[in-house]
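The next block is work-v4.pdb, given as PDB, C-alpha atoms, pLDDT in the B column.
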ATOM      1  CA  MET A  22       0.000   0.000   0.000  1.00 41.00           C
ATOM      2  CA  ALA A  23       1.383   3.375  -1.045  1.00 49.00           C
ATOM      3  CA  GLU A  24       1.895   6.150   1.474  1.00 52.00           C
ATOM      4  CA  THR A  25      -0.502   9.075   1.106  1.00 56.00           C
ATOM      5  CA  GLU A  26       0.747  12.558   0.352  1.00 75.00           C
ATOM      6  CA  ARG A  27      -0.447  15.229   2.733  1.00 83.00           C
ATOM      7  CA  MET A  28      -1.146  18.632   1.222  1.00 86.00           C
ATOM      8  CA  GLU A  29      -1.965  21.667   3.341  1.00 87.00           C
ATOM      9  CA  VAL A  30      -2.690  25.281   2.425  1.00 90.00           C
ATOM     10  CA  ASN A  31      -2.953  28.017   5.053  1.00 91.00           C
ATOM     11  CA  VAL A  32      -5.014  31.188   4.659  1.00 92.00           C
ATOM     12  CA  SER A  33      -4.011  33.828   7.202  1.00 93.00           C
ATOM     13  CA  ILE A  34      -6.734  35.573   9.183  1.00 92.00           C
ATOM     14  CA  PRO A  35      -6.087  39.336   9.640  1.00 93.00           C
ATOM     15  CA  ALA A  36      -6.695  41.105  12.945  1.00 91.00           C
ATOM     16  CA  GLY A  37     -10.302  42.160  13.464  1.00 91.00           C
ATOM     17  CA  THR A  38     -11.667  39.243  11.450  1.00 93.00           C
ATOM     18  CA  ASN A  39     -13.608  36.464  13.149  1.00 94.00           C
ATOM     19  CA  VAL A  40     -13.647  33.065  11.418  1.00 93.00           C
ATOM     20  CA  THR A  41     -15.628  30.039  12.612  1.00 93.00           C
ATOM     21  CA  VAL A  42     -16.176  26.566  11.173  1.00 93.00           C
ATOM     22  CA  HIS A  43     -19.273  24.502  12.036  1.00 92.00           C
ATOM     23  CA  GLY A  44     -19.133  21.208  10.181  1.00 88.00           C
ATOM     24  CA  SER A  45     -18.573  22.230   6.576  1.00 89.00           C
ATOM     25  CA  ARG A  46     -19.947  25.771   6.992  1.00 94.00           C
ATOM     26  CA  LEU A  47     -17.381  28.586   7.153  1.00 94.00           C
ATOM     27  CA  THR A  48     -18.486  31.934   8.607  1.00 95.00           C
ATOM     28  CA  ILE A  49     -16.307  35.028   8.287  1.00 95.00           C
ATOM     29  CA  LYS A  50     -17.167  38.278  10.088  1.00 95.00           C
ATOM     30  CA  GLY A  51     -15.402  41.595   9.543  1.00 94.00           C
ATOM     31  CA  LYS A  52     -15.984  45.328   9.841  1.00 94.00           C
ATOM     32  CA  LYS A  53     -18.148  45.460   6.676  1.00 94.00           C
ATOM     33  CA  GLY A  54     -20.335  42.439   7.383  1.00 94.00           C
ATOM     34  CA  GLU A  55     -20.568  38.664   7.443  1.00 95.00           C
ATOM     35  CA  LEU A  56     -20.263  35.995   4.751  1.00 95.00           C
ATOM     36  CA  GLN A  57     -21.063  32.291   4.984  1.00 95.00           C
ATOM     37  CA  ARG A  58     -20.240  29.477   2.622  1.00 94.00           C
ATOM     38  CA  THR A  59     -20.259  25.687   2.672  1.00 95.00           C
ATOM     39  CA  PHE A  60     -16.981  23.946   1.843  1.00 93.00           C
ATOM     40  CA  GLU A  61     -17.843  20.252   1.740  1.00 92.00           C
ATOM     41  CA  HIS A  62     -15.750  17.398   0.378  1.00 91.00           C
ATOM     42  CA  PRO A  63     -15.165  13.902   1.785  1.00 92.00           C
ATOM     43  CA  ARG A  64     -11.356  14.015   1.456  1.00 90.00           C
ATOM     44  CA  ILE A  65     -10.688  17.663   2.408  1.00 91.00           C
ATOM     45  CA  ASP A  66     -10.787  19.135   5.924  1.00 91.00           C
ATOM     46  CA  VAL A  67     -11.047  22.810   6.922  1.00 92.00           C
ATOM     47  CA  LYS A  68      -9.841  23.804  10.413  1.00 92.00           C
ATOM     48  CA  ILE A  69      -8.970  27.008  12.277  1.00 92.00           C
ATOM     49  CA  LYS A  70      -5.576  26.874  13.998  1.00 90.00           C
ATOM     50  CA  ASP A  71      -2.866  29.375  14.975  1.00 89.00           C
ATOM     51  CA  GLY A  72      -4.594  32.430  13.460  1.00 90.00           C
ATOM     52  CA  SER A  73      -5.132  30.888  10.034  1.00 93.00           C
ATOM     53  CA  ILE A  74      -7.494  28.623   8.134  1.00 93.00           C
ATOM     54  CA  HIS A  75      -5.912  25.222   7.372  1.00 92.00           C
ATOM     55  CA  ILE A  76      -7.177  23.321   4.341  1.00 92.00           C
ATOM     56  CA  VAL A  77      -5.820  19.767   4.444  1.00 91.00           C
ATOM     57  CA  THR A  78      -6.068  16.631   2.318  1.00 90.00           C
ATOM     58  CA  GLY A  79      -4.320  13.293   2.475  1.00 87.00           C
ATOM     59  CA  SER A  80      -5.436  12.402  -1.033  1.00 86.00           C
ATOM     60  CA  LYS A  81      -3.049  11.949  -3.955  1.00 86.00           C
ATOM     61  CA  LYS A  82      -5.726  12.920  -6.468  1.00 89.00           C
ATOM     62  CA  LYS A  83      -4.877  15.918  -8.603  1.00 91.00           C
ATOM     63  CA  ALA A  84      -8.490  17.141  -8.524  1.00 92.00           C
ATOM     64  CA  ASP A  85      -8.480  17.239  -4.707  1.00 89.00           C
ATOM     65  CA  LYS A  86      -5.250  19.235  -4.667  1.00 90.00           C
ATOM     66  CA  ALA A  87      -6.676  21.650  -7.246  1.00 92.00           C
ATOM     67  CA  LEU A  88      -9.831  22.046  -5.154  1.00 94.00           C
ATOM     68  CA  ILE A  89      -7.704  23.119  -2.169  1.00 93.00           C
ATOM     69  CA  GLY A  90      -6.317  26.007  -4.252  1.00 93.00           C
ATOM     70  CA  THR A  91      -9.814  26.997  -5.354  1.00 94.00           C
ATOM     71  CA  TRP A  92     -11.135  26.948  -1.801  1.00 95.00           C
ATOM     72  CA  SER A  93      -8.219  29.027  -0.517  1.00 95.00           C
ATOM     73  CA  SER A  94      -8.941  31.657  -3.199  1.00 95.00           C
ATOM     74  CA  HIS A  95     -12.614  31.753  -2.197  1.00 96.00           C
ATOM     75  CA  MET A  96     -11.643  32.150   1.457  1.00 95.00           C
ATOM     76  CA  ARG A  97      -9.195  34.982   0.687  1.00 95.00           C
ATOM     77  CA  ASN A  98     -11.920  36.732  -1.340  1.00 95.00           C
ATOM     78  CA  MET A  99     -14.366  36.347   1.547  1.00 96.00           C
ATOM     79  CA  ILE A 100     -11.839  37.754   4.045  1.00 95.00           C
ATOM     80  CA  ASN A 101     -11.044  40.682   1.742  1.00 95.00           C
ATOM     81  CA  GLY A 102     -14.752  41.300   1.160  1.00 95.00           C
ATOM     82  CA  VAL A 103     -15.761  41.503   4.827  1.00 95.00           C
ATOM     83  CA  ASN A 104     -12.816  43.808   5.575  1.00 95.00           C
ATOM     84  CA  ASN A 105     -12.564  46.009   2.455  1.00 93.00           C
ATOM     85  CA  GLY A 106     -15.501  45.212   0.176  1.00 94.00           C
ATOM     86  CA  TYR A 107     -15.593  45.168  -3.617  1.00 96.00           C
ATOM     87  CA  GLN A 108     -16.465  47.951  -6.029  1.00 96.00           C
ATOM     88  CA  TYR A 109     -17.111  47.523  -9.757  1.00 97.00           C
ATOM     89  CA  LYS A 110     -17.605  50.506 -12.064  1.00 97.00           C
ATOM     90  CA  MET A 111     -19.646  50.331 -15.248  1.00 97.00           C
ATOM     91  CA  ARG A 112     -20.123  52.897 -18.008  1.00 96.00           C
ATOM     92  CA  ILE A 113     -23.291  53.571 -20.020  1.00 95.00           C
ATOM     93  CA  ILE A 114     -22.341  53.921 -23.701  1.00 93.00           C
ATOM     94  CA  PHE A 115     -24.773  55.117 -26.368  1.00 91.00           C
ATOM     95  CA  SER A 116     -24.498  56.848 -29.710  1.00 87.00           C
ATOM     96  CA  HIS A 117     -27.980  56.537 -31.168  1.00 79.00           C
ATOM     97  CA  PHE A 118     -30.569  56.713 -28.381  1.00 89.00           C
ATOM     98  CA  PRO A 119     -29.946  58.073 -24.855  1.00 93.00           C
ATOM     99  CA  ILE A 120     -30.220  55.277 -22.285  1.00 94.00           C
ATOM    100  CA  LYS A 121     -32.066  55.975 -19.032  1.00 95.00           C
ATOM    101  CA  THR A 122     -31.337  53.741 -16.036  1.00 96.00           C
ATOM    102  CA  SER A 123     -33.030  53.468 -12.658  1.00 95.00           C
ATOM    103  CA  VAL A 124     -33.161  51.042  -9.753  1.00 96.00           C
ATOM    104  CA  LYS A 125     -36.542  49.584  -8.817  1.00 95.00           C
ATOM    105  CA  GLY A 126     -36.412  47.091  -5.975  1.00 93.00           C
ATOM    106  CA  SER A 127     -33.945  44.363  -6.888  1.00 95.00           C
ATOM    107  CA  GLU A 128     -33.841  45.246 -10.588  1.00 96.00           C
ATOM    108  CA  LEU A 129     -31.983  47.753 -12.713  1.00 96.00           C
ATOM    109  CA  LEU A 130     -34.317  49.144 -15.375  1.00 96.00           C
ATOM    110  CA  ILE A 131     -32.704  50.100 -18.679  1.00 96.00           C
ATOM    111  CA  GLU A 132     -35.065  52.282 -20.705  1.00 95.00           C
ATOM    112  CA  ASN A 133     -34.876  53.540 -24.315  1.00 94.00           C
ATOM    113  CA  PHE A 134     -32.104  51.067 -25.117  1.00 91.00           C
ATOM    114  CA  ILE A 135     -31.538  51.309 -28.915  1.00 87.00           C
ATOM    115  CA  GLY A 136     -34.969  52.964 -29.138  1.00 90.00           C
ATOM    116  CA  GLU A 137     -36.936  50.058 -27.663  1.00 90.00           C
ATOM    117  CA  ARG A 138     -40.289  50.895 -26.130  1.00 94.00           C
ATOM    118  CA  PHE A 139     -40.051  48.429 -23.262  1.00 94.00           C
ATOM    119  CA  ALA A 140     -37.531  48.532 -20.424  1.00 95.00           C
ATOM    120  CA  ARG A 141     -34.874  45.856 -20.183  1.00 95.00           C
ATOM    121  CA  LYS A 142     -34.294  44.508 -16.688  1.00 96.00           C
ATOM    122  CA  ALA A 143     -31.157  43.271 -14.949  1.00 97.00           C
ATOM    123  CA  ASN A 144     -31.326  41.382 -11.653  1.00 97.00           C
ATOM    124  CA  ILE A 145     -29.427  42.933  -8.733  1.00 97.00           C
ATOM    125  CA  LEU A 146     -28.304  40.194  -6.359  1.00 96.00           C
ATOM    126  CA  GLU A 147     -28.683  40.339  -2.577  1.00 95.00           C
ATOM    127  CA  GLY A 148     -26.019  42.344  -0.777  1.00 94.00           C
ATOM    128  CA  VAL A 149     -25.107  44.502  -3.782  1.00 96.00           C
ATOM    129  CA  THR A 150     -25.806  48.230  -3.816  1.00 96.00           C
ATOM    130  CA  VAL A 151     -26.141  50.071  -7.123  1.00 97.00           C
ATOM    131  CA  LYS A 152     -25.425  53.778  -7.450  1.00 97.00           C
ATOM    132  CA  ILE A 153     -26.201  55.574 -10.703  1.00 96.00           C
ATOM    133  CA  SER A 154     -24.389  58.839 -11.374  1.00 95.00           C
ATOM    134  CA  GLY A 155     -24.879  60.268 -14.859  1.00 92.00           C
ATOM    135  CA  GLU A 156     -23.379  57.779 -17.297  1.00 94.00           C
ATOM    136  CA  SER A 157     -21.609  55.673 -14.677  1.00 96.00           C
ATOM    137  CA  ILE A 158     -22.913  52.883 -12.479  1.00 97.00           C
ATOM    138  CA  THR A 159     -21.113  51.761  -9.309  1.00 97.00           C
ATOM    139  CA  LEU A 160     -21.727  48.331  -7.803  1.00 97.00           C
ATOM    140  CA  GLU A 161     -20.595  47.720  -4.222  1.00 96.00           C
ATOM    141  CA  GLY A 162     -20.787  44.742  -1.904  1.00 96.00           C
ATOM    142  CA  ILE A 163     -18.822  42.373   0.310  1.00 95.00           C
ATOM    143  CA  SER A 164     -19.228  39.254  -1.836  1.00 95.00           C
ATOM    144  CA  LYS A 165     -17.009  39.289  -4.921  1.00 95.00           C
ATOM    145  CA  GLU A 166     -19.215  36.677  -6.582  1.00 95.00           C
ATOM    146  CA  MET A 167     -22.449  38.623  -6.052  1.00 96.00           C
ATOM    147  CA  VAL A 168     -20.962  41.928  -7.265  1.00 96.00           C
ATOM    148  CA  GLY A 169     -19.420  40.219 -10.307  1.00 96.00           C
ATOM    149  CA  GLN A 170     -22.625  38.353 -11.169  1.00 97.00           C
ATOM    150  CA  THR A 171     -24.666  41.550 -10.905  1.00 97.00           C
ATOM    151  CA  ALA A 172     -22.254  43.245 -13.342  1.00 97.00           C
ATOM    152  CA  ALA A 173     -22.618  40.267 -15.684  1.00 97.00           C
ATOM    153  CA  ASN A 174     -26.428  40.481 -15.432  1.00 97.00           C
ATOM    154  CA  ILE A 175     -26.318  44.166 -16.418  1.00 97.00           C
ATOM    155  CA  GLU A 176     -23.993  43.526 -19.381  1.00 96.00           C
ATOM    156  CA  LYS A 177     -26.163  40.597 -20.501  1.00 96.00           C
ATOM    157  CA  ALA A 178     -29.325  42.737 -20.341  1.00 96.00           C
ATOM    158  CA  THR A 179     -27.834  45.164 -22.872  1.00 93.00           C
ATOM    159  CA  GLN A 180     -26.628  42.507 -25.280  1.00 91.00           C
ATOM    160  CA  ILE A 181     -27.559  43.407 -28.865  1.00 87.00           C
ATOM    161  CA  ARG A 182     -28.729  40.821 -31.382  1.00 86.00           C
ATOM    162  CA  ASP A 183     -29.389  41.240 -35.099  1.00 85.00           C
ATOM    163  CA  TYR A 184     -27.398  44.485 -35.293  1.00 81.00           C
ATOM    164  CA  ASP A 185     -23.818  45.007 -36.360  1.00 82.00           C
ATOM    165  CA  PRO A 186     -21.831  45.342 -33.091  1.00 76.00           C
ATOM    166  CA  ARG A 187     -19.257  47.527 -34.869  1.00 80.00           C
ATOM    167  CA  VAL A 188     -21.937  50.133 -35.563  1.00 80.00           C
ATOM    168  CA  PHE A 189     -24.252  49.669 -32.569  1.00 80.00           C
ATOM    169  CA  GLN A 190     -21.852  49.717 -29.632  1.00 87.00           C
ATOM    170  CA  ASP A 191     -24.578  50.861 -27.267  1.00 89.00           C
ATOM    171  CA  GLY A 192     -24.704  49.123 -23.896  1.00 93.00           C
ATOM    172  CA  ILE A 193     -23.507  49.112 -20.316  1.00 94.00           C
ATOM    173  CA  TYR A 194     -19.945  47.836 -19.934  1.00 94.00           C
ATOM    174  CA  LEU A 195     -17.644  47.033 -17.028  1.00 94.00           C
ATOM    175  CA  VAL A 196     -14.722  49.488 -16.947  1.00 95.00           C
ATOM    176  CA  SER A 197     -12.998  48.710 -13.639  1.00 95.00           C
ATOM    177  CA  ARG A 198     -13.206  46.284 -10.771  1.00 88.00           C
ATOM    178  CA  GLY A 199     -11.441  46.179  -7.481  1.00 75.00           C
ATOM    179  CA  ASP A 200     -11.509  46.834  -3.800  1.00 62.00           C
ATOM    180  CA  GLU A 201     -13.262  49.820  -2.292  1.00 53.00           C
TER     181      GLU A 201
END

Take the structure in the file and write it out as structure tokens.
Amino acid sequence: MAETERMEVNVSIPAGTNVTVHGSRLTIKGKKGELQRTFEHPRIDVKIKDGSIHIVTGSKKKADKALIGTWSSHMRNMINGVNNGYQYKMRIIFSHFPIKTSVKGSELLIENFIGERFARKANILEGVTVKISGESITLEGISKEMVGQTAANIEKATQIRDYDPRVFQDGIYLVSRGDE
């Protein structure tokens, strides 16, 4: 019987951040808020020890080792989010018809897009705040995934079909993403 290889990745926990693990559920609390996520796999363990999160596997499988790297990235993003937050900036571009945007509940309404009579709608995910200022839109939140998915929803809502994209470049596009 072959000896198993032990692989361990440590994610450091900064001061002022509270991290707890209950079963497979990881909860991270910081000055901006709290995020929870389930990290569940039969061959990978997540533990808190010595001021860092330890992700450990005894498996030789390449997929398990790759999953450890993915999980550590998610955990770093969660820690950064609850401490600093994420901010994505989008720009409203139009050359033919002026686009009017407004927030109604959990939707971004995009009116007069390429002269259409009905409003296009983009879903704003929970925990994301949308600020509209002239021709720029700012998305802010503590979850990188939620902020990024909301930006993708907005870009998707202004996707143009049956027109030449070289001529009709109208839409709402992501121009920068980063920490607050």

As a check of understanding, name the residues that the PyMOL selection byres ((chain A and resi 179-190) around 9) selects in the supplied structure, as a PDB file with C-alpha atoms, keeping the file's coordinate frame.
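Final output, expr27.pdb:
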ATOM      1  CA  ILE A 114     -22.341  53.921 -23.701  1.00 93.00           C
ATOM      2  CA  PHE A 115     -24.773  55.117 -26.368  1.00 91.00           C
ATOM      3  CA  SER A 116     -24.498  56.848 -29.710  1.00 87.00           C
ATOM      4  CA  HIS A 117     -27.980  56.537 -31.168  1.00 79.00           C
ATOM      5  CA  ILE A 131     -32.704  50.100 -18.679  1.00 96.00           C
ATOM      6  CA  PHE A 134     -32.104  51.067 -25.117  1.00 91.00           C
ATOM      7  CA  ILE A 135     -31.538  51.309 -28.915  1.00 87.00           C
ATOM      8  CA  ARG A 141     -34.874  45.856 -20.183  1.00 95.00           C
ATOM      9  CA  LYS A 142     -34.294  44.508 -16.688  1.00 96.00           C
ATOM     10  CA  ALA A 143     -31.157  43.271 -14.949  1.00 97.00           C
ATOM     11  CA  ASN A 174     -26.428  40.481 -15.432  1.00 97.00           C
ATOM     12  CA  ILE A 175     -26.318  44.166 -16.418  1.00 97.00           C
ATOM     13  CA  GLU A 176     -23.993  43.526 -19.381  1.00 96.00           C
ATOM     14  CA  LYS A 177     -26.163  40.597 -20.501  1.00 96.00           C
ATOM     15  CA  ALA A 178     -29.325  42.737 -20.341  1.00 96.00           C
ATOM     16  CA  ASP A 191     -24.578  50.861 -27.267  1.00 89.00           C
ATOM     17  CA  GLY A 192     -24.704  49.123 -23.896  1.00 93.00           C
ATOM     18  CA  ILE A 193     -23.507  49.112 -20.316  1.00 94.00           C
ATOM     19  CA  TYR A 194     -19.945  47.836 -19.934  1.00 94.00           C
TER      20      TYR A 194
END

I want to know what sits within 12 Å of Glu147 in chain A, based on only C-alpha atoms, with residues of the same chain fewer than 5 positions away left out; could you give that as an MDAnalysis selection string? chainID A and resid 56 126:128 160:168 170:171

Expressed in Å to a single decimal, how great is the separation between CA of Gly102 in chain A and CA of Gly199 in chain A?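 Computing the Euclidean distance for CA of Gly102 in chain A and CA of Gly199 in chain A yields 10.5 Å.
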
For Ile49 in chain A: contacts at 6 Å, only C-alpha atoms, fewer than 4 positions along chain excluded, given as a PDB file with C-alpha atoms, in the frame of the given file:
ATOM      1  CA  ASN A  39     -13.608  36.464  13.149  1.00 94.00           C
ATOM      2  CA  VAL A  40     -13.647  33.065  11.418  1.00 93.00           C
ATOM      3  CA  GLU A  55     -20.568  38.664   7.443  1.00 95.00           C
ATOM      4  CA  LEU A  56     -20.263  35.995   4.751  1.00 95.00           C
TER       5      LEU A  56
END

Nearest residue to Thr78 in chain A out of A:Met28, A:Glu132, A:Arg97, A:Gly155, using all atoms listed in the file? A:Met28

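The gap separating CA of Thr159 in chain A from CA of Ser197 in chain A is 9.7 Å, in Å to one decimal.
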
Explicit residues for the PyMOL selection byres ((chain A and resi 44) around 9) (as a ChimeraX atom specification): /A:42-43,45-47,59,61,67

Nearest candidate to Lys82 in chain A (options A:Ile153, A:Ile145, A:Pro119, A:Arg27; using all atoms listed in the file): A:Arg27

Could you please fill out range 155-183 of chain A with N, CA and C atoms and send it back as a PDB file, in the coordinates of the input?
ATOM      1  N   GLY A 155     -25.060  59.874 -13.457  1.00 92.00           N
ATOM      2  CA  GLY A 155     -24.879  60.268 -14.859  1.00 92.00           C
ATOM      3  C   GLY A 155     -24.751  59.042 -15.744  1.00 92.00           C
ATOM      4  N   GLU A 156     -23.605  58.913 -16.396  1.00 94.00           N
ATOM      5  CA  GLU A 156     -23.379  57.779 -17.297  1.00 94.00           C
ATOM      6  C   GLU A 156     -22.492  56.715 -16.669  1.00 94.00           C
ATOM      7  N   SER A 157     -22.380  56.718 -15.338  1.00 96.00           N
ATOM      8  CA  SER A 157     -21.609  55.673 -14.677  1.00 96.00           C
ATOM      9  C   SER A 157     -22.462  54.987 -13.623  1.00 96.00           C
ATOM     10  N   ILE A 158     -22.216  53.704 -13.455  1.00 97.00           N
ATOM     11  CA  ILE A 158     -22.913  52.883 -12.479  1.00 97.00           C
ATOM     12  C   ILE A 158     -21.850  52.260 -11.583  1.00 97.00           C
ATOM     13  N   THR A 159     -22.043  52.346 -10.270  1.00 97.00           N
ATOM     14  CA  THR A 159     -21.113  51.761  -9.309  1.00 97.00           C
ATOM     15  C   THR A 159     -21.823  50.652  -8.550  1.00 97.00           C
ATOM     16  N   LEU A 160     -21.206  49.483  -8.540  1.00 97.00           N
ATOM     17  CA  LEU A 160     -21.727  48.331  -7.803  1.00 97.00           C
ATOM     18  C   LEU A 160     -20.815  48.086  -6.612  1.00 97.00           C
ATOM     19  N   GLU A 161     -21.386  47.955  -5.420  1.00 96.00           N
ATOM     20  CA  GLU A 161     -20.595  47.720  -4.222  1.00 96.00           C
ATOM     21  C   GLU A 161     -21.206  46.597  -3.408  1.00 96.00           C
ATOM     22  N   GLY A 162     -20.330  45.815  -2.768  1.00 96.00           N
ATOM     23  CA  GLY A 162     -20.787  44.742  -1.904  1.00 96.00           C
ATOM     24  C   GLY A 162     -19.608  44.033  -1.272  1.00 96.00           C
ATOM     25  N   ILE A 163     -19.895  43.093  -0.360  1.00 95.00           N
ATOM     26  CA  ILE A 163     -18.822  42.373   0.310  1.00 95.00           C
ATOM     27  C   ILE A 163     -18.539  41.023  -0.329  1.00 95.00           C
ATOM     28  N   SER A 164     -19.437  40.524  -1.164  1.00 95.00           N
ATOM     29  CA  SER A 164     -19.228  39.254  -1.836  1.00 95.00           C
ATOM     30  C   SER A 164     -18.774  39.507  -3.269  1.00 95.00           C
ATOM     31  N   LYS A 165     -17.562  39.083  -3.583  1.00 95.00           N
ATOM     32  CA  LYS A 165     -17.009  39.289  -4.921  1.00 95.00           C
ATOM     33  C   LYS A 165     -17.866  38.590  -5.974  1.00 95.00           C
ATOM     34  N   GLU A 166     -18.390  37.431  -5.639  1.00 95.00           N
ATOM     35  CA  GLU A 166     -19.215  36.677  -6.582  1.00 95.00           C
ATOM     36  C   GLU A 166     -20.525  37.391  -6.881  1.00 95.00           C
ATOM     37  N   MET A 167     -21.168  37.936  -5.855  1.00 96.00           N
ATOM     38  CA  MET A 167     -22.449  38.623  -6.052  1.00 96.00           C
ATOM     39  C   MET A 167     -22.269  39.916  -6.848  1.00 96.00           C
ATOM     40  N   VAL A 168     -21.221  40.680  -6.544  1.00 96.00           N
ATOM     41  CA  VAL A 168     -20.962  41.928  -7.265  1.00 96.00           C
ATOM     42  C   VAL A 168     -20.630  41.606  -8.727  1.00 96.00           C
ATOM     43  N   GLY A 169     -19.794  40.606  -8.947  1.00 96.00           N
ATOM     44  CA  GLY A 169     -19.420  40.219 -10.307  1.00 96.00           C
ATOM     45  C   GLY A 169     -20.600  39.689 -11.106  1.00 96.00           C
ATOM     46  N   GLN A 170     -21.455  38.890 -10.469  1.00 97.00           N
ATOM     47  CA  GLN A 170     -22.625  38.353 -11.169  1.00 97.00           C
ATOM     48  C   GLN A 170     -23.626  39.446 -11.494  1.00 97.00           C
ATOM     49  N   THR A 171     -23.773  40.436 -10.614  1.00 97.00           N
ATOM     50  CA  THR A 171     -24.666  41.550 -10.905  1.00 97.00           C
ATOM     51  C   THR A 171     -24.150  42.343 -12.115  1.00 97.00           C
ATOM     52  N   ALA A 172     -22.840  42.565 -12.179  1.00 97.00           N
ATOM     53  CA  ALA A 172     -22.254  43.245 -13.342  1.00 97.00           C
ATOM     54  C   ALA A 172     -22.497  42.439 -14.613  1.00 97.00           C
ATOM     55  N   ALA A 173     -22.365  41.125 -14.523  1.00 97.00           N
ATOM     56  CA  ALA A 173     -22.618  40.267 -15.684  1.00 97.00           C
ATOM     57  C   ALA A 173     -24.087  40.324 -16.097  1.00 97.00           C
ATOM     58  N   ASN A 174     -24.997  40.379 -15.122  1.00 97.00           N
ATOM     59  CA  ASN A 174     -26.428  40.481 -15.432  1.00 97.00           C
ATOM     60  C   ASN A 174     -26.734  41.776 -16.179  1.00 97.00           C
ATOM     61  N   ILE A 175     -26.085  42.871 -15.768  1.00 97.00           N
ATOM     62  CA  ILE A 175     -26.318  44.166 -16.418  1.00 97.00           C
ATOM     63  C   ILE A 175     -25.770  44.147 -17.847  1.00 97.00           C
ATOM     64  N   GLU A 176     -24.556  43.619 -18.030  1.00 96.00           N
ATOM     65  CA  GLU A 176     -23.993  43.526 -19.381  1.00 96.00           C
ATOM     66  C   GLU A 176     -24.852  42.635 -20.274  1.00 96.00           C
ATOM     67  N   LYS A 177     -25.332  41.538 -19.735  1.00 96.00           N
ATOM     68  CA  LYS A 177     -26.163  40.597 -20.501  1.00 96.00           C
ATOM     69  C   LYS A 177     -27.487  41.235 -20.911  1.00 96.00           C
ATOM     70  N   ALA A 178     -28.047  42.085 -20.035  1.00 96.00           N
ATOM     71  CA  ALA A 178     -29.325  42.737 -20.341  1.00 96.00           C
ATOM     72  C   ALA A 178     -29.211  43.695 -21.515  1.00 96.00           C
ATOM     73  N   THR A 179     -28.003  44.216 -21.765  1.00 93.00           N
ATOM     74  CA  THR A 179     -27.834  45.164 -22.872  1.00 93.00           C
ATOM     75  C   THR A 179     -27.149  44.519 -24.078  1.00 93.00           C
ATOM     76  N   GLN A 180     -27.202  43.213 -24.135  1.00 91.00           N
ATOM     77  CA  GLN A 180     -26.628  42.507 -25.280  1.00 91.00           C
ATOM     78  C   GLN A 180     -27.490  42.778 -26.515  1.00 91.00           C
ATOM     79  N   ILE A 181     -26.843  43.069 -27.639  1.00 87.00           N
ATOM     80  CA  ILE A 181     -27.559  43.407 -28.865  1.00 87.00           C
ATOM     81  C   ILE A 181     -27.496  42.228 -29.831  1.00 87.00           C
ATOM     82  N   ARG A 182     -28.655  41.872 -30.370  1.00 86.00           N
ATOM     83  CA  ARG A 182     -28.729  40.821 -31.382  1.00 86.00           C
ATOM     84  C   ARG A 182     -29.267  41.428 -32.684  1.00 86.00           C
ATOM     85  N   ASP A 183     -28.898  40.856 -33.769  1.00 85.00           N
ATOM     86  CA  ASP A 183     -29.389  41.240 -35.099  1.00 85.00           C
ATOM     87  C   ASP A 183     -28.964  42.642 -35.538  1.00 85.00           C
TER      88      ASP A 183
END
